[in-house]
Amino acid sequence: MNPIELEWQHLKKDELSGQIFDKLDLVYAVMDNVKARGDKGN
């Protein structure tokens, strides 16, 4: 799996379960989280 797919699974499991987002909100959430993890070196 690529990093975005892994991040999506993480977000889906830990942060987004039970919440409804439109597709654009979801894309921004994944992008922000991938960037934040990259900045931290994870």
# chains A, B, ... in the order shown; residues from 1 in each chain; ligands from 1
call {"tool": "residues_around", "arguments": {"residues": "Met31 in chain A", "least_positions_apart": "4", "cutoff": "12 Å", "atoms": "only C-alpha atoms", "output": "list in words"}}
result
Pro3, Ile4, Glu5, Glu7, Trp8, Leu11, Leu24, Asp25, Leu26, Val27, Lys35, Ala36, Arg37 and Gly38 of chain A
